[in-house]
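Novice: Pasting work-v7.txt below, which is compact mmCIF, C-alpha atoms.
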```txt
# COMPACT_ATOMS: atom_id res chain seq x y z
CA MET A 1 33.89 60.95 50.72
CA GLN A 2 37.31 59.31 50.62
CA LYS A 3 40.20 61.67 51.63
CA ASP A 4 43.66 61.76 49.98
CA THR A 5 46.25 60.76 52.59
CA LEU A 6 50.05 60.66 52.78
CA SER A 7 52.30 58.67 54.99
CA LEU A 8 54.65 60.60 57.26
CA TYR A 9 57.62 59.44 55.20
CA GLU A 10 55.93 60.65 51.99
CA LEU A 11 55.19 64.02 53.61
CA ASN A 12 58.76 64.38 54.87
CA SER A 13 60.05 63.44 51.42
CA LEU A 14 57.99 66.26 49.90
CA VAL A 15 59.43 68.68 52.46
CA ARG A 16 62.93 67.46 51.71
CA ASN A 17 62.43 67.99 47.97
CA VAL A 18 61.12 71.51 48.59
CA ILE A 19 64.04 72.40 50.86
CA ASP A 20 66.59 70.90 48.47
CA HIS A 21 65.23 73.03 45.64
CA ALA A 22 64.51 76.21 47.65
CA PHE A 23 67.78 76.21 49.71
CA ALA A 24 70.24 74.81 47.24
CA ASN A 25 72.91 77.40 48.13
CA ALA A 26 75.09 77.83 51.23
CA TYR A 27 74.35 80.72 53.62
CA TRP A 28 76.56 82.64 56.02
CA VAL A 29 74.71 82.99 59.33
CA GLU A 30 75.59 84.86 62.53
CA ALA A 31 74.60 83.04 65.71
CA GLU A 32 75.58 82.33 69.30
CA LEU A 33 76.47 78.83 70.45
CA SER A 34 74.23 77.73 73.31
CA GLU A 35 75.51 74.15 73.29
CA VAL A 36 78.49 72.35 71.70
CA ARG A 37 79.24 68.63 71.92
CA GLU A 38 81.39 66.19 70.01
CA VAL A 39 80.19 62.67 69.32
CA ARG A 40 82.46 60.21 67.50
CA GLY A 41 84.33 63.06 65.82
CA HIS A 42 81.19 64.93 64.70
CA CYS A 43 80.28 68.31 66.23
CA PHE A 44 76.67 68.99 67.22
CA MET A 45 75.64 72.56 67.97
CA GLU A 46 72.63 74.45 69.21
CA LEU A 47 72.40 77.92 67.69
CA ILE A 48 70.46 80.82 69.16
CA GLN A 49 69.88 84.51 68.53
CA LYS A 50 69.09 86.65 71.57
CA ASP A 51 66.89 89.71 71.75
CA MET A 52 68.95 92.91 71.76
CA PHE A 53 67.30 94.10 74.98
CA ALA A 54 66.65 90.77 76.73
CA PRO A 55 68.45 87.46 77.19
CA THR A 56 65.52 85.47 75.80
CA PRO A 57 66.33 83.76 72.42
CA ILE A 58 64.21 84.94 69.51
CA ALA A 59 65.49 82.20 67.21
CA ARG A 60 66.87 78.70 67.74
CA ALA A 61 68.20 75.98 65.45
CA SER A 62 70.31 72.82 65.43
CA ALA A 63 73.49 72.52 63.39
CA LYS A 64 75.95 69.75 62.65
CA CYS A 65 79.47 69.59 61.34
CA TRP A 66 80.40 66.18 60.06
CA LYS A 67 83.70 64.60 61.09
CA SER A 68 85.27 64.95 57.64
CA VAL A 69 84.82 68.74 57.76
CA TRP A 70 85.18 69.27 61.54
CA GLN A 71 88.64 67.68 61.70
CA SER A 72 90.02 70.48 59.53
CA LEU A 73 87.83 73.38 60.74
CA ARG A 74 88.47 72.88 64.45
CA PRO A 75 92.32 73.27 64.56
CA LYS A 76 92.12 76.14 62.06
CA PHE A 77 89.59 77.98 64.24
CA GLU A 78 91.49 77.37 67.50
CA ARG A 79 94.82 78.50 66.04
CA ALA A 80 93.26 81.72 64.80
CA THR A 81 91.18 82.59 67.87
CA GLY A 82 93.24 81.03 70.61
CA GLN A 83 90.08 79.51 72.06
CA PRO A 84 88.18 76.25 71.71
CA PHE A 85 84.73 76.11 70.21
CA HIS A 86 82.52 76.58 73.28
CA ALA A 87 79.06 77.65 74.41
CA GLY A 88 78.47 81.39 74.67
CA MET A 89 80.70 82.16 71.71
CA LYS A 90 79.44 84.16 68.75
CA VAL A 91 80.29 82.59 65.39
CA LEU A 92 79.83 83.14 61.68
CA LEU A 93 78.99 79.81 59.98
CA SER A 94 78.55 78.80 56.37
CA VAL A 95 75.62 76.37 56.42
CA THR A 96 73.46 74.42 54.03
CA ALA A 97 69.91 73.26 54.74
CA ASP A 98 69.33 69.59 55.35
CA PHE A 99 66.09 67.76 55.98
CA HIS A 100 66.11 64.06 56.68
CA GLU A 101 62.93 61.98 56.70
CA THR A 102 63.95 60.33 59.96
CA TYR A 103 65.98 62.98 61.82
CA GLY A 104 64.20 66.14 60.72
CA PHE A 105 65.68 69.52 59.81
CA SER A 106 69.15 70.83 60.67
CA TRP A 107 71.80 73.13 59.26
CA ILE A 108 75.00 71.48 58.04
CA VAL A 109 78.13 73.53 58.77
CA GLN A 110 80.48 73.76 55.81
CA ASP A 111 82.85 76.50 57.04
CA ILE A 112 83.57 78.78 60.01
CA ASP A 113 84.96 82.30 59.77
CA PRO A 114 87.32 82.77 62.79
CA ASN A 115 87.74 86.49 62.03
CA TYR A 116 84.16 87.15 63.07
CA THR A 117 84.68 85.36 66.40
CA MET A 118 87.98 87.13 66.93
CA GLY A 119 86.24 90.45 66.41
CA ASP A 120 83.56 89.52 68.93
CA MET A 121 86.20 88.34 71.40
CA ALA A 122 88.12 91.55 70.90
CA ARG A 123 84.98 93.56 71.54
CA LYS A 124 84.36 91.60 74.75
CA ARG A 125 87.96 92.13 75.87
CA LEU A 126 87.74 95.84 75.14
CA GLU A 127 84.46 96.02 77.05
CA ILE A 128 86.01 94.28 80.06
CA ILE A 129 89.04 96.58 79.94
CA ARG A 130 86.78 99.62 79.67
CA GLN A 131 84.75 98.50 82.67
CA LEU A 132 87.89 97.84 84.74
CA LYS A 133 89.17 101.33 83.94
CA GLU A 134 85.81 102.88 84.79
CA GLU A 135 85.93 101.11 88.16
CA GLY A 136 89.41 102.59 88.68
CA ILE A 137 91.04 99.20 89.31
CA TYR A 138 92.79 98.49 86.01
CA ASP A 139 96.20 99.74 87.26
CA MET A 140 95.80 99.00 90.99
CA GLN A 141 98.17 96.03 90.89
CA LYS A 142 100.80 98.17 89.16
CA ASP A 143 100.80 100.49 92.18
CA LEU A 144 101.87 97.65 94.50
CA GLU A 145 105.59 97.19 95.06
CA ILE A 146 107.07 93.71 95.21
CA PRO A 147 108.71 93.41 98.68
CA MET A 148 112.49 93.50 98.76
CA PHE A 149 112.70 90.03 100.28
CA ALA A 150 109.98 88.31 98.23
CA GLN A 151 110.65 84.74 99.35
CA ARG A 152 107.25 83.55 100.62
CA VAL A 153 105.38 82.72 97.42
CA ALA A 154 101.73 81.66 97.11
CA VAL A 155 101.43 79.66 93.88
CA ILE A 156 98.18 79.12 91.99
CA SER A 157 98.61 76.29 89.52
CA SER A 158 97.49 72.80 88.64
CA GLU A 159 99.03 70.44 91.19
CA ASN A 160 100.33 67.93 88.63
CA ALA A 161 101.31 70.43 85.96
CA ALA A 162 104.83 70.17 84.60
CA GLY A 163 105.06 73.97 84.76
CA TYR A 164 104.58 73.94 88.53
CA GLY A 165 107.39 71.41 88.91
CA ASP A 166 109.65 73.49 86.67
CA PHE A 167 108.82 76.59 88.72
CA CYS A 168 109.71 74.91 92.05
CA ASN A 169 112.86 73.27 90.65
CA HIS A 170 114.09 76.55 89.22
CA LEU A 171 113.56 78.28 92.58
CA SER A 172 115.22 75.49 94.57
CA HIS A 173 118.29 75.05 92.35
CA ASN A 174 119.20 78.65 91.64
CA ASP A 175 122.85 79.60 91.14
CA TYR A 176 122.92 81.88 94.18
CA ASN A 177 121.63 79.39 96.80
CA LEU A 178 118.79 81.75 97.58
CA VAL A 179 115.96 80.25 99.64
CA PHE A 180 112.29 80.52 98.67
CA TYR A 181 109.18 79.16 100.36
CA PRO A 182 106.53 78.33 97.71
CA LYS A 183 103.08 77.19 98.85
CA LEU A 184 100.71 75.65 96.29
CA PHE A 185 97.02 76.55 96.12
CA PRO A 186 95.69 74.08 93.50
CA ALA A 187 93.38 75.35 90.77
CA ILE A 188 92.03 74.28 87.41
CA MET A 189 94.02 76.11 84.75
CA GLN A 190 92.10 75.28 81.59
CA GLY A 191 88.50 74.94 80.53
CA GLU A 192 85.34 76.57 81.79
CA GLN A 193 86.24 76.13 85.50
CA VAL A 194 89.31 78.41 85.36
CA GLU A 195 87.52 81.53 86.62
CA HIS A 196 85.78 79.90 89.58
CA SER A 197 88.82 77.79 90.55
CA VAL A 198 91.38 80.61 90.46
CA ILE A 199 89.06 82.99 92.36
CA ALA A 200 88.59 80.30 95.03
CA ALA A 201 92.38 79.96 95.35
CA LEU A 202 92.76 83.74 95.67
CA ASP A 203 90.12 83.75 98.42
CA GLN A 204 92.14 81.13 100.31
CA ILE A 205 95.33 83.16 100.01
CA ASN A 206 93.52 86.34 101.04
CA ARG A 207 92.83 84.80 104.46
CA TYR A 208 96.59 84.48 105.07
CA THR A 209 98.05 87.52 103.30
CA ASP A 210 100.45 88.17 106.19
CA ARG A 211 102.15 84.83 105.44
CA PHE A 212 103.07 85.63 101.83
CA ASP A 213 104.99 88.28 99.93
CA VAL A 214 103.70 87.68 96.39
CA VAL A 215 101.24 85.51 94.45
CA VAL A 216 102.27 83.66 91.30
CA ILE A 217 99.65 82.36 88.83
CA ILE A 218 101.27 79.89 86.41
CA ARG A 219 99.96 77.60 83.71
CA GLY A 220 102.39 74.99 82.52
CA GLY A 221 102.19 73.98 78.91
CA GLY A 222 98.46 74.28 78.22
CA ALA A 223 97.08 74.79 74.74
CA THR A 224 96.64 78.32 73.45
CA ALA A 225 92.99 77.49 72.91
CA ASP A 226 92.51 77.19 76.67
CA MET A 227 93.38 80.84 77.38
CA SER A 228 89.76 82.04 77.32
CA GLY A 229 89.26 81.32 81.03
CA PHE A 230 91.68 84.13 81.87
CA ASP A 231 89.67 86.75 79.96
CA THR A 232 86.75 87.18 82.36
CA LEU A 233 85.60 90.26 84.22
CA ALA A 234 85.15 88.55 87.60
CA LEU A 235 88.67 87.08 87.59
CA ALA A 236 90.19 90.38 86.45
CA GLU A 237 88.38 92.25 89.25
CA ASN A 238 89.62 89.79 91.88
CA VAL A 239 93.21 90.06 90.67
CA ALA A 240 93.13 93.86 90.33
CA ASN A 241 91.78 94.27 93.89
CA PHE A 242 94.10 91.70 95.49
CA PRO A 243 96.28 93.17 98.29
CA LEU A 244 99.46 91.29 97.31
CA PRO A 245 101.45 91.75 94.06
CA ILE A 246 100.48 89.09 91.51
CA ILE A 247 102.88 87.69 88.92
CA THR A 248 101.37 85.82 85.95
CA GLY A 249 103.06 83.23 83.76
CA ILE A 250 100.17 81.71 81.86
CA GLY A 251 100.73 82.43 78.17
CA HIS A 252 103.17 82.69 75.32
CA ASP A 253 104.79 85.61 73.54
CA ARG A 254 101.78 86.56 71.43
CA ASP A 255 99.06 85.72 73.97
CA GLU A 256 98.31 88.42 76.53
CA SER A 257 95.19 87.75 78.54
CA ILE A 258 93.24 90.34 80.50
CA LEU A 259 94.61 88.65 83.60
CA ASP A 260 98.13 89.51 82.34
CA MET A 261 97.08 93.10 81.74
CA VAL A 262 95.79 93.75 85.27
CA SER A 263 98.49 91.79 87.13
CA ASN A 264 101.48 93.45 88.74
CA THR A 265 104.02 91.67 86.51
CA ARG A 266 103.53 89.48 83.46
CA VAL A 267 106.11 86.91 82.31
CA LYS A 268 105.91 84.23 79.63
CA THR A 269 106.22 80.91 81.45
CA PRO A 270 106.42 79.39 84.97
CA THR A 271 110.21 79.15 84.60
CA ALA A 272 110.32 82.83 83.67
CA ALA A 273 108.26 83.61 86.81
CA ALA A 274 110.81 81.75 88.95
CA ALA A 275 113.66 83.56 87.17
CA PHE A 276 111.95 86.89 87.82
CA LEU A 277 111.75 86.19 91.58
CA ILE A 278 115.37 85.04 91.64
CA ASP A 279 116.56 88.11 89.71
CA HIS A 280 114.53 90.34 92.03
CA LEU A 281 116.16 88.85 95.14
CA VAL A 282 119.60 88.94 93.47
CA GLY A 283 118.99 92.62 92.76
CA VAL A 284 118.15 93.18 96.44
CA TRP A 285 121.26 91.25 97.45
CA SER A 286 123.37 93.33 95.05
CA HIS A 287 121.77 96.51 96.40
CA LEU A 288 122.57 95.46 99.97
CA GLU A 289 126.17 94.68 99.03
CA ASP A 290 126.39 98.07 97.33
CA CYS A 291 124.96 99.73 100.44
CA GLN A 292 127.40 97.80 102.59
CA SER A 293 130.30 98.93 100.39
CA ARG A 294 129.08 102.54 100.45
CA ILE A 295 128.64 102.46 104.23
CA THR A 296 132.11 100.96 104.68
CA THR A 297 133.63 103.59 102.40
CA HIS A 298 131.72 106.35 104.18
CA VAL A 299 132.74 105.11 107.63
CA ASN A 300 136.39 104.69 106.60
CA TYR A 301 136.39 108.20 105.14
CA HIS A 302 134.99 109.70 108.33
CA MET A 303 137.31 107.61 110.53
CA GLU A 304 140.29 108.85 108.56
CA ARG A 305 139.06 112.42 108.96
CA GLU A 306 138.61 111.93 112.70
CA HIS A 307 142.04 110.29 113.02
CA ALA A 308 143.58 113.24 111.23
CA ARG A 309 141.68 115.64 113.48
CA LEU A 310 142.83 113.73 116.58
CA ASP A 311 146.41 113.83 115.31
CA ARG A 312 146.17 117.58 114.86
CA CYS A 313 144.67 117.91 118.33
CA ALA A 314 147.42 115.71 119.78
CA GLU A 315 150.04 117.91 118.16
CA ARG A 316 148.46 121.04 119.63
CA ILE A 317 147.97 119.60 123.13
CA PRO A 318 151.58 120.17 124.40
CA MET A 319 151.55 123.75 123.17
CA LEU A 320 148.04 124.33 124.53
CA PHE A 321 148.99 122.68 127.80
CA SER A 322 152.04 124.90 128.10
CA MET A 323 149.90 127.95 127.43
CA VAL A 324 147.27 126.84 129.92
CA ARG A 325 149.89 126.01 132.53
CA SER A 326 151.55 129.41 132.09
CA ARG A 327 148.20 131.13 132.38
CA GLN A 328 147.27 129.15 135.48
CA GLU A 329 150.66 129.71 137.09
CA ALA A 330 150.33 133.45 136.47
CA ARG A 331 146.84 133.32 137.91
CA LEU A 332 148.05 131.45 140.99
CA ILE A 333 150.82 134.04 141.50
CA ARG A 334 148.28 136.82 141.22
CA LEU A 335 146.02 135.05 143.71
CA SER A 336 148.96 134.41 146.08
CA ASN A 337 150.00 138.05 145.95
CA SER A 338 146.44 139.14 146.48
CA ILE A 339 146.03 136.77 149.45
CA THR A 340 149.37 137.93 150.91
CA SER A 341 148.27 141.56 150.76
CA LEU A 342 144.73 140.88 151.93
CA VAL A 343 145.49 138.62 154.94
CA PRO A 344 147.19 141.26 157.17
CA LYS A 345 144.48 143.73 156.33
CA ARG A 346 141.88 141.14 157.16
CA ILE A 347 143.60 140.25 160.43
CA ILE A 348 143.65 143.91 161.46
CA GLN A 349 139.96 144.22 160.60
CA CYS A 350 139.11 141.12 162.62
CA GLN A 351 141.26 142.23 165.57
CA HIS A 352 139.53 145.60 165.60
CA ARG A 353 136.19 143.86 165.51
CA LEU A 354 137.20 141.60 168.41
CA ASP A 355 138.26 144.65 170.42
CA LEU A 356 134.91 146.24 169.80
CA ILE A 357 133.16 143.03 170.80
CA ASP A 358 135.31 142.73 173.94
CA LYS A 359 134.44 146.27 174.97
CA ALA A 360 130.79 145.71 174.30
CA ILE A 361 130.57 142.29 175.98
CA ARG A 362 132.23 143.17 179.34
CA PRO A 363 129.38 145.32 180.71
CA LEU A 364 126.87 142.83 179.35
CA VAL A 365 128.59 139.96 181.14
CA GLU A 366 128.78 141.88 184.39
CA LYS A 367 125.10 142.80 184.20
CA ARG A 368 124.22 139.20 183.42
CA LEU A 369 126.30 137.95 186.35
CA MET A 370 124.52 140.36 188.70
CA ASN A 371 121.15 139.21 187.46
CA GLU A 372 122.04 135.54 187.86
CA THR A 373 123.51 136.15 191.31
CA HIS A 374 120.26 137.80 192.39
CA ARG A 375 118.30 134.84 191.01
CA LEU A 376 120.44 132.39 192.93
CA GLN A 377 119.88 134.36 196.13
CA GLN A 378 116.14 134.19 195.55
CA PHE A 379 116.35 130.43 194.98
CA ALA A 380 118.40 130.05 198.18
CA ILE A 381 115.76 131.90 200.19
CA ARG A 382 113.01 129.75 198.74
CA LEU A 383 115.00 126.58 199.45
CA GLN A 384 115.54 127.59 203.07
CA ALA A 385 111.81 128.08 203.39
CA VAL A 386 111.16 124.46 202.40
CA ASP A 387 114.19 122.90 204.16
CA PRO A 388 112.94 119.82 206.20
CA GLN A 389 115.46 120.51 208.93
CA ILE A 390 113.82 123.85 209.63
CA LEU A 391 110.45 122.06 209.91
CA LEU A 392 111.94 119.54 212.35
CA LYS A 393 113.23 122.40 214.50
CA ARG A 394 109.69 123.68 214.71
CA GLY A 395 108.56 120.35 216.27
CA TYR A 396 107.48 118.51 213.19
CA SER A 397 108.60 114.96 212.43
CA ILE A 398 108.99 112.87 209.24
CA THR A 399 108.10 109.16 209.09
CA LEU A 400 109.98 107.09 206.52
CA HIS A 401 109.33 103.58 205.22
CA GLN A 402 112.10 102.09 203.12
CA GLY A 403 113.60 105.59 202.70
CA LYS A 404 110.37 107.18 201.48
CA ALA A 405 108.06 109.53 203.37
CA VAL A 406 104.86 107.91 204.59
CA ARG A 407 101.88 109.91 203.45
CA ASP A 408 99.09 107.27 203.88
CA ALA A 409 99.15 105.06 207.01
CA SER A 410 96.69 102.59 205.44
CA LYS A 411 99.36 101.49 202.99
CA LEU A 412 101.61 100.17 205.77
CA GLN A 413 101.48 96.45 206.59
CA LYS A 414 101.80 94.71 209.91
CA GLY A 415 105.46 94.11 210.68
CA ASP A 416 106.72 96.98 208.50
CA GLU A 417 109.61 98.86 210.01
CA ILE A 418 109.28 102.61 209.95
CA GLU A 419 111.65 105.39 210.89
CA THR A 420 110.55 108.66 212.45
CA ARG A 421 112.94 111.59 212.28
CA VAL A 422 112.75 114.48 214.80
CA GLU A 423 115.03 117.47 215.32
CA HIS A 424 117.45 115.44 217.43
CA GLY A 425 117.60 111.78 216.43
CA LYS A 426 115.59 108.96 214.83
CA ILE A 427 112.92 106.63 216.22
CA ARG A 428 112.53 103.11 214.75
CA SER A 429 109.16 101.39 215.13
CA VAL A 430 107.41 98.23 213.98
CA VAL A 431 103.79 98.41 212.82
CA GLN A 432 101.47 96.18 214.97
```
Kindly return the structure encoded in the file as structure tokens.
Specialist:
Amino acid sequence: MQKDTLSLYELNSLVRNVIDHAFANAYWVEAELSEVREVRGHCFMELIQKDMFAPTPIARASAKCWKSVWQSLRPKFERATGQPFHAGMKVLLSVTADFHETYGFSWIVQDIDPNYTMGDMARKRLEIIRQLKEEGIYDMQKDLEIPMFAQRVAVISSENAAGYGDFCNHLSHNDYNLVFYPKLFPAIMQGEQVEHSVIAALDQINRYTDRFDVVVIIRGGGATADMSGFDTLALAENVANFPLPIITGIGHDRDESILDMVSNTRVKTPTAAAAFLIDHLVGVWSHLEDCQSRITTHVNYHMEREHARLDRCAERIPMLFSMVRSRQEARLIRLSNSITSLVPKRIIQCQHRLDLIDKAIRPLVEKRLMNETHRLQQFAIRLQAVDPQILLKRGYSITLHQGKAVRDASKLQKGDEIETRVEHGKIRSVVQ
């Protein structure tokens, strides 16, 4: 049996007719952008819807915004939200169904509601702020004090940015000839790489915190739409926990990023950041001059008081000296009179004592003399007993060699002359 067949083109044409009739109206759809790319002025998007309890998409579709529509929608969206159209963003799109025989099905974007995205962004910002406060780090930077002499500045900025040049020029050519020492740590300051790049720069600075007084994060002249990179939790946590005060100059009057909120000080522009540092150091200088003036005034006041006190003392010295001299002279007279009356009395006392000693010492001296005389007599008797002359009279003799008594004959040598003494005379001999 012959079957009815259709070509692929005929089948796709039937589908197109069905879709054109069934989806003739435009629909507002909520979705998340998983991919965004521009090709020759057209914008191609991949839309997804994630499960509430899991990151896995439960729906996926392709969408396109033709150049004629995109050229007006894009600047309108970026002005309202302050961010570019990028992946990960939640959007509310007005779309119409389109099925092409060659390219298949896609949704054609006719309009974008920026208020929906702004609400989602605001919710994300509020969630980040809530989490920072729960962690207890939201105000940690505010508790840090900028050092009095904040001259060593670590700068995080794009190396070739005009804002960085303005910042350095403003510091170098200040009206007070104050000296600053900026050191650049290059980072990407717009686009999706902002978070990673700025955190990497902070990590570098953190290794040399003793070399810097403050950190300045500046963004010179970027589009408002590029501010989204400064609204991330990881970057906010790094800034809030950083040990040095951080000054931000990355936005405009109406744009306050989360990074601005958690930093120590927020200013508008790089030039304003430089002006803040200059004003801070000028304030310190003024404070030091005020302290110097107060110290000088205080010292002069006390010196005047001391001079006056010395003058009063100098005036009183002659009178006090006269009083002291009179008192000392009177004291000397009293002492002289006392000595004059005491000396004779003392002499009499000493004379009486000497008399007593004289009376007591005489019998003692006589007794001692008798004792010593008796001892001498005993010594004389003992000396007579050992007198050599007495021994000679008894028939003994003494032999001398070189004036010394010979006690051992074996010590004499042949030819030695010896002398023998007897009671009457001396005998000289030569040893044979």
Novice: Using only C-alpha atoms, which residue out of A:Val95, A:Val431, A:Ala22, A:Thr399 lies closest to Lys414 of chain A?
Specialist: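 Closest to Lys414 of chain A, using only C-alpha atoms: A:Val431.
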Novice: Determine, counting all atoms listed in the file, which protein, DNA and RNA residues have an atom within 10 Å of an atom of segment 405-408 of chain A; residues of the same chain fewer than 4 positions away are not included. Present the result as a VMD selection string.
Specialist: chain A and resid 398 to 401 412 418 to 420
Novice: Can those selected residues be exported to a file as a PDB file, keeping the file's coordinate frame so that it contains C-alpha atoms?
Specialist:
```
ATOM      1  CA  ILE A 398     108.990 112.870 209.240  1.00  0.00           C
ATOM      2  CA  THR A 399     108.100 109.160 209.090  1.00  0.00           C
ATOM      3  CA  LEU A 400     109.980 107.090 206.520  1.00  0.00           C
ATOM      4  CA  HIS A 401     109.330 103.580 205.220  1.00  0.00           C
ATOM      5  CA  LEU A 412     101.610 100.170 205.770  1.00  0.00           C
ATOM      6  CA  ILE A 418     109.280 102.610 209.950  1.00  0.00           C
ATOM      7  CA  GLU A 419     111.650 105.390 210.890  1.00  0.00           C
ATOM      8  CA  THR A 420     110.550 108.660 212.450  1.00  0.00           C
TER       9      THR A 420
END
```
Novice: Determine, counting only C-alpha atoms, which protein, DNA and RNA residues have an atom within 10 Å of an atom of Leu277 of chain A; residues of the same chain fewer than 3 positions away are not included. Present the result as an MDAnalysis selection string.
Specialist: chainID A and resid 146 149:151 153 171 180 214 216 247 272:274 280:283
Novice: Give me the residues near segment 161-164 of chain A as a ChimeraX atom specification, where near means some atom within 8 Å (using only C-alpha atoms) and where sequence neighbours in that chain fewer than 4 positions away do not count.
Specialist: /A:157,168,218-221,269-271
Novice: Of the candidates A:His100, A:His173, A:His307, A:His298, which shows the shortest atom-to-atom distance to Ile278 of chain A, using all atoms listed in the file?
Specialist: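 Result for the nearest residue to Ile278 of chain A: A:His173.
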Novice: Could you tell me which of A:Ile381, A:Ile199, A:Phe105, A:Glu304 comes closest to Asn12 of chain A if we count only C-alpha atoms?
Specialist: A:Phe105
Novice: Can you list, as a list in words, every protein, DNA or RNA residue that comes within 12 Å of Lys67 of chain A when you count all atoms listed in the file, leaving out same-chain residues fewer than 4 positions away?
Specialist: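 Selected residues are Glu38, Val39, Arg40, Gly41, His42, Cys43, Phe44, Gln71, Ser72, Leu73, Arg74, Ile108, Val109 and Gln110 of chain A.
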Novice: Distance atom CA of Leu288 of chain A-atom CA of Gly249 of chain A, one decimal place?
Specialist: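 Spanning atom CA of Leu288 of chain A to atom CA of Gly249 of chain A is a straight-line distance of 28.2 Å.
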Novice: Determine, counting all atoms listed in the file, which protein, DNA and RNA residues have an atom within 10 Å of an atom of Thr96 of chain A; residues of the same chain fewer than 6 positions away are not included. Present the result as JSON, numbers by chain.
Specialist: {"A": [20, 23, 24, 25, 26, 27, 28, 63, 106, 107, 108, 109, 110]}
Novice: Reconstruct N, CA, C and O atoms of segment 301-312 of chain A; output as a compact mmCIF listing (two decimals), keeping the file's coordinate frame.
Specialist:
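Below is the file that was written, selection_38.txt:
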```
# COMPACT_ATOMS: atom_id res chain seq x y z
N TYR A 301 136.06 106.81 105.45
CA TYR A 301 136.39 108.20 105.14
C TYR A 301 136.28 109.06 106.40
O TYR A 301 137.18 109.86 106.72
N HIS A 302 135.18 108.89 107.13
CA HIS A 302 134.99 109.70 108.33
C HIS A 302 135.98 109.31 109.43
O HIS A 302 136.43 110.18 110.20
N MET A 303 136.32 108.01 109.53
CA MET A 303 137.31 107.61 110.53
C MET A 303 138.68 108.21 110.21
O MET A 303 139.39 108.66 111.12
N GLU A 304 139.02 108.23 108.93
CA GLU A 304 140.29 108.85 108.56
C GLU A 304 140.29 110.34 108.90
O GLU A 304 141.29 110.88 109.40
N ARG A 305 139.15 111.00 108.62
CA ARG A 305 139.06 112.42 108.96
C ARG A 305 139.19 112.63 110.46
O ARG A 305 139.89 113.56 110.91
N GLU A 306 138.54 111.78 111.25
CA GLU A 306 138.61 111.93 112.70
C GLU A 306 140.00 111.61 113.22
O GLU A 306 140.48 112.26 114.16
N HIS A 307 140.66 110.58 112.61
CA HIS A 307 142.04 110.29 113.02
C HIS A 307 142.94 111.49 112.75
O HIS A 307 143.80 111.85 113.58
N ALA A 308 142.77 112.07 111.57
CA ALA A 308 143.58 113.24 111.23
C ALA A 308 143.30 114.38 112.20
O ALA A 308 144.22 115.10 112.65
N ARG A 309 142.02 114.57 112.53
CA ARG A 309 141.68 115.64 113.48
C ARG A 309 142.28 115.36 114.84
O ARG A 309 142.78 116.28 115.51
N LEU A 310 142.22 114.07 115.28
CA LEU A 310 142.83 113.73 116.58
C LEU A 310 144.33 113.95 116.56
O LEU A 310 144.91 114.40 117.56
N ASP A 311 144.96 113.60 115.41
CA ASP A 311 146.41 113.83 115.31
C ASP A 311 146.72 115.32 115.44
O ASP A 311 147.69 115.71 116.13
N ARG A 312 145.93 116.14 114.75
CA ARG A 312 146.17 117.58 114.86
C ARG A 312 145.95 118.07 116.29
O ARG A 312 146.71 118.90 116.80
```
